[in-house]
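See structure below.
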Amino acid sequence: MSTLTVGPGRGGTRRAPAPVALMRGLPLAPAVFLLGAFLAWPVVYCVWAAFTDMALTGASGADFVGFENFTRAFTSAEFHQSVFLTVVFTVLSAIIGQNVLGMVLALLMRSGHRVVRAVVSAIVIGAWVLPEVVAGYLWMALLGDGGSLNEMLGAVGLPPQNWLYTAPILAVSIANVWRGTAFSMLVYSAALSEVPKEIEEAATVDGAGPARRLFSVTLPMVRRSIATNLMLITLQTLSVFGLIWTMTRGGPSNQSATLPIYAYVQAFQFSDLGYGTALALVLLLIGGVFSLIYLRALRLGESMT
Amino acid sequence: MTVTFRQFGNDRVMENFLKDAKAEFEQAHAGTTIDLQPIVASNDDYSTKLQLQMRSPRTSPDLVYEDTFLINSDIEAGYLRPLDEYISAWPEWNNFVDTAKAAGRALDGKTYGIPTGTDTRGIWFNKEILARAGLPAEWQPTTWNDLLTAARAIKAAVPDVIPLSIYAGTPLGEAASMQGFEMLLYGTGDTLYDHASQKWVVGSQGFKDALQFLQTVYSEGLGATPQQVLNPNWNDTVAQELIPKGGVAIAVEGSWLSNNWLESGANPWPQWNTVMGWTAMPTKDGQAPGKVSMSGGWTWAIPQNADNPDAAWEFSRLLNDKAHQLKFAIDEVQIPVRKDVTADPTYAQANPSNEFFASLVPITTYRPAYAVYPRISNEIQVATESVITGSADVATAAGHYDNQVRTIAGDAVVAAAGS
């Protein structure tokens, strides 16, 4: 900033002369154009579609219907259930599962042997590298009626369980924790490696136990990474589709139909594009609300120090 | 000229069939080339992709393979063009069965698709298991009660098998609606849709009777457990694993079932035609015509946006002549929709169950496959699911269905007589 030739507030012009600004902006033009064509246009189209009765088939002229799609959503029990399930899924699998487990793994690996570290990260990252659908099939094969979990339970004389039937949202949450923990682990490993050893050692000398050291010294120092990580995994988890679709298709009785599943079914199985895009917009808003909460938490944390 | 069709996984029957026809057509019509465009996808995705293609004149094919399930809604959307002018100059149309002709006809009375094969539904049973329960090899239930009595006898005599497999619940999708619920409903005399007034039926006694039958089967343990049937792959498990293993005594299933056990199928089972028997699904109290079948099937249709509709018609005429439909029906284990194909001895000889399932065509019913049908079908699945899991009784489930149909179909609803 300080190397700008025409600095702000130095008596002369406050901004660069128009031609210079234009010249500077010129290299950005293709990028702006591409963004406009391939990103902004579909978004605008989606917003517009959410206010029409656009359908993939059947009698429909894509007429403007105002807030009808949203009224329909907010008065539908299925929609309320899917919002509730989306929040449960996100809190269980991302905010609690991936986040806490990722942190625990990162902390443990810090003091682990080099070989153990390599093996653990290979396994965890392996789960992350697998495509969503493959991970979904793996977990379906494990948790399903005739799955390997039941074989193991049977071998020790326990009754078989059908997780996908009795607790589907829990089953898909566990699968998502398994799949997504690597990301949090990597973020936290990187953050923890930046924490100076001397500070923790100083705390030990002052008589702080391991728990006190963790909560009063280490975690506050990686606070910003925690907020960033939470925001990223929350947004990722809100839109998880393939994993749930493969494992349960949102069933039984819509008991694992999160918003993306519900929106997909409405748009592409019932051909109701207008309603489906309206639901997608609601999902976008929920993501926005979560992001605002994290950003706010991040700023509050900063002002406290 | 472009032709779009559906290719299902590794099934090459359709592809080979069309390749041969293409060669034949191009030889006869010098200067015309046919561009075959397969869409490799599941049923739901196929229709979505096809509809997206037909939306725009730039991407629209000239001839498309359309499920009768969606043809009416695609007609309403204005994607297809009427074929009546072509058909009136086509004497072979008289060889098609009337019920099949109706499958490609819209509410406006015009025909938009040429049916190219169908399926029927009935009962498959394992003769060996039935013998152990004291039932004859030529078993033929004439009422729902006969079915339940047989299932109870099997449950008592052969404890480790599923006595009566009938589908229900949302995970199985159309299999639950068609092979399960609708096979019952259409045996009560009531229907989903009143064609005379063009309205959806709510509050019918038949709807409750059909749900009641399912509740009896599942609550008495005569069927699979709800956990089993609510697995999205359950119908494959039944067809490919359990029936050949002798794990199912009676199954309400489709004419194509033996497809799975042929040399080319998912689980070859050479003994199937001696072990398995088949018979028609009875009506509730044996009332006329005594048996029930539901049908789906596919048609060849010409999109509104087609560039070469005349050439497309010529090609579809070739695909739908007797020789081609015979070949297709045998290779794909389809029920022919042409009377002369059904009558051809090579068809009956190709598969021992062919003759029986083809004989159901005159009494079969096509679904009221109008634009809102997929959503109504989903509500049927919800109703069956709540009944078999015990989360609602029959009256509550039927009442919920009625409310949902009123929401979905709006004014196009008629209350059943006597309700």
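Identifiers for the structure tokens are assigned positionally: chains receive A, B, ... in sequence, residues are indexed from 1 per chain, and ligands are indexed from 1 in the order shown.
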### Task
Identify, on the basis of only C-alpha atoms, every residue whose closest approach to region 32-41 of chain B does not exceed 10 Å; exclude the query and any residue fewer than 5 positions from it along the same chain; express the result as number ranges by chain.
B: 1-10, 14-15, 18-19, 21-23, 25-27, 46-50, 61-64, 311-312, 315
### Task
For chain A, work out the contacting residues on chain B at 10 Å, counting only C-alpha atoms, and write them as a PyMOL selection string.
chain B and resi 44-45+47-49+51-52+55+70-79+169-171+226-228+230-232+370-376+378+381-382+385-386+389
Test item: residues at most 8 Å from Val133 (chain A), only C-alpha atoms, excluding those fewer than 4 positions along its chain, as an mmCIF file with C-alpha atoms, in the first residue's frame:
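Generated output (selection.cif):
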data_model
loop_
_atom_site.group_PDB
_atom_site.id
_atom_site.type_symbol
_atom_site.label_atom_id
_atom_site.label_comp_id
_atom_site.auth_asym_id
_atom_site.auth_seq_id
_atom_site.Cartn_x
_atom_site.Cartn_y
_atom_site.Cartn_z
ATOM 1 C CA TYR A 137 -21.583 -47.532 -0.361
ATOM 2 C CA GLY A 242 -24.198 -37.917 -2.579
ATOM 3 C CA LEU A 243 -23.385 -39.558 0.731
ATOM 4 C CA THR A 246 -26.352 -43.382 -1.588
#
#### Entry: Pairwise distance for CA of Gln179 (chain B) and CA of Pro282 (chain B), rounded to one decimal in Å
13.3 Å
### Query
Suppose you want the space between CA of Ala392 (chain B) and CA of Glu220 (chain B); what is it in Å?
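Atom-to-atom, CA of Ala392 (chain B) and CA of Glu220 (chain B) are spaced 16.2 Å apart.
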#### Entry: Per-residue DSSP, region 160-266 of chain B, filtered to alpha helix (DSSP H), as an NGL selection string
:B and (174-175 or 183-185 or 205-219 or 226-229 or 234-236 or 243-245)
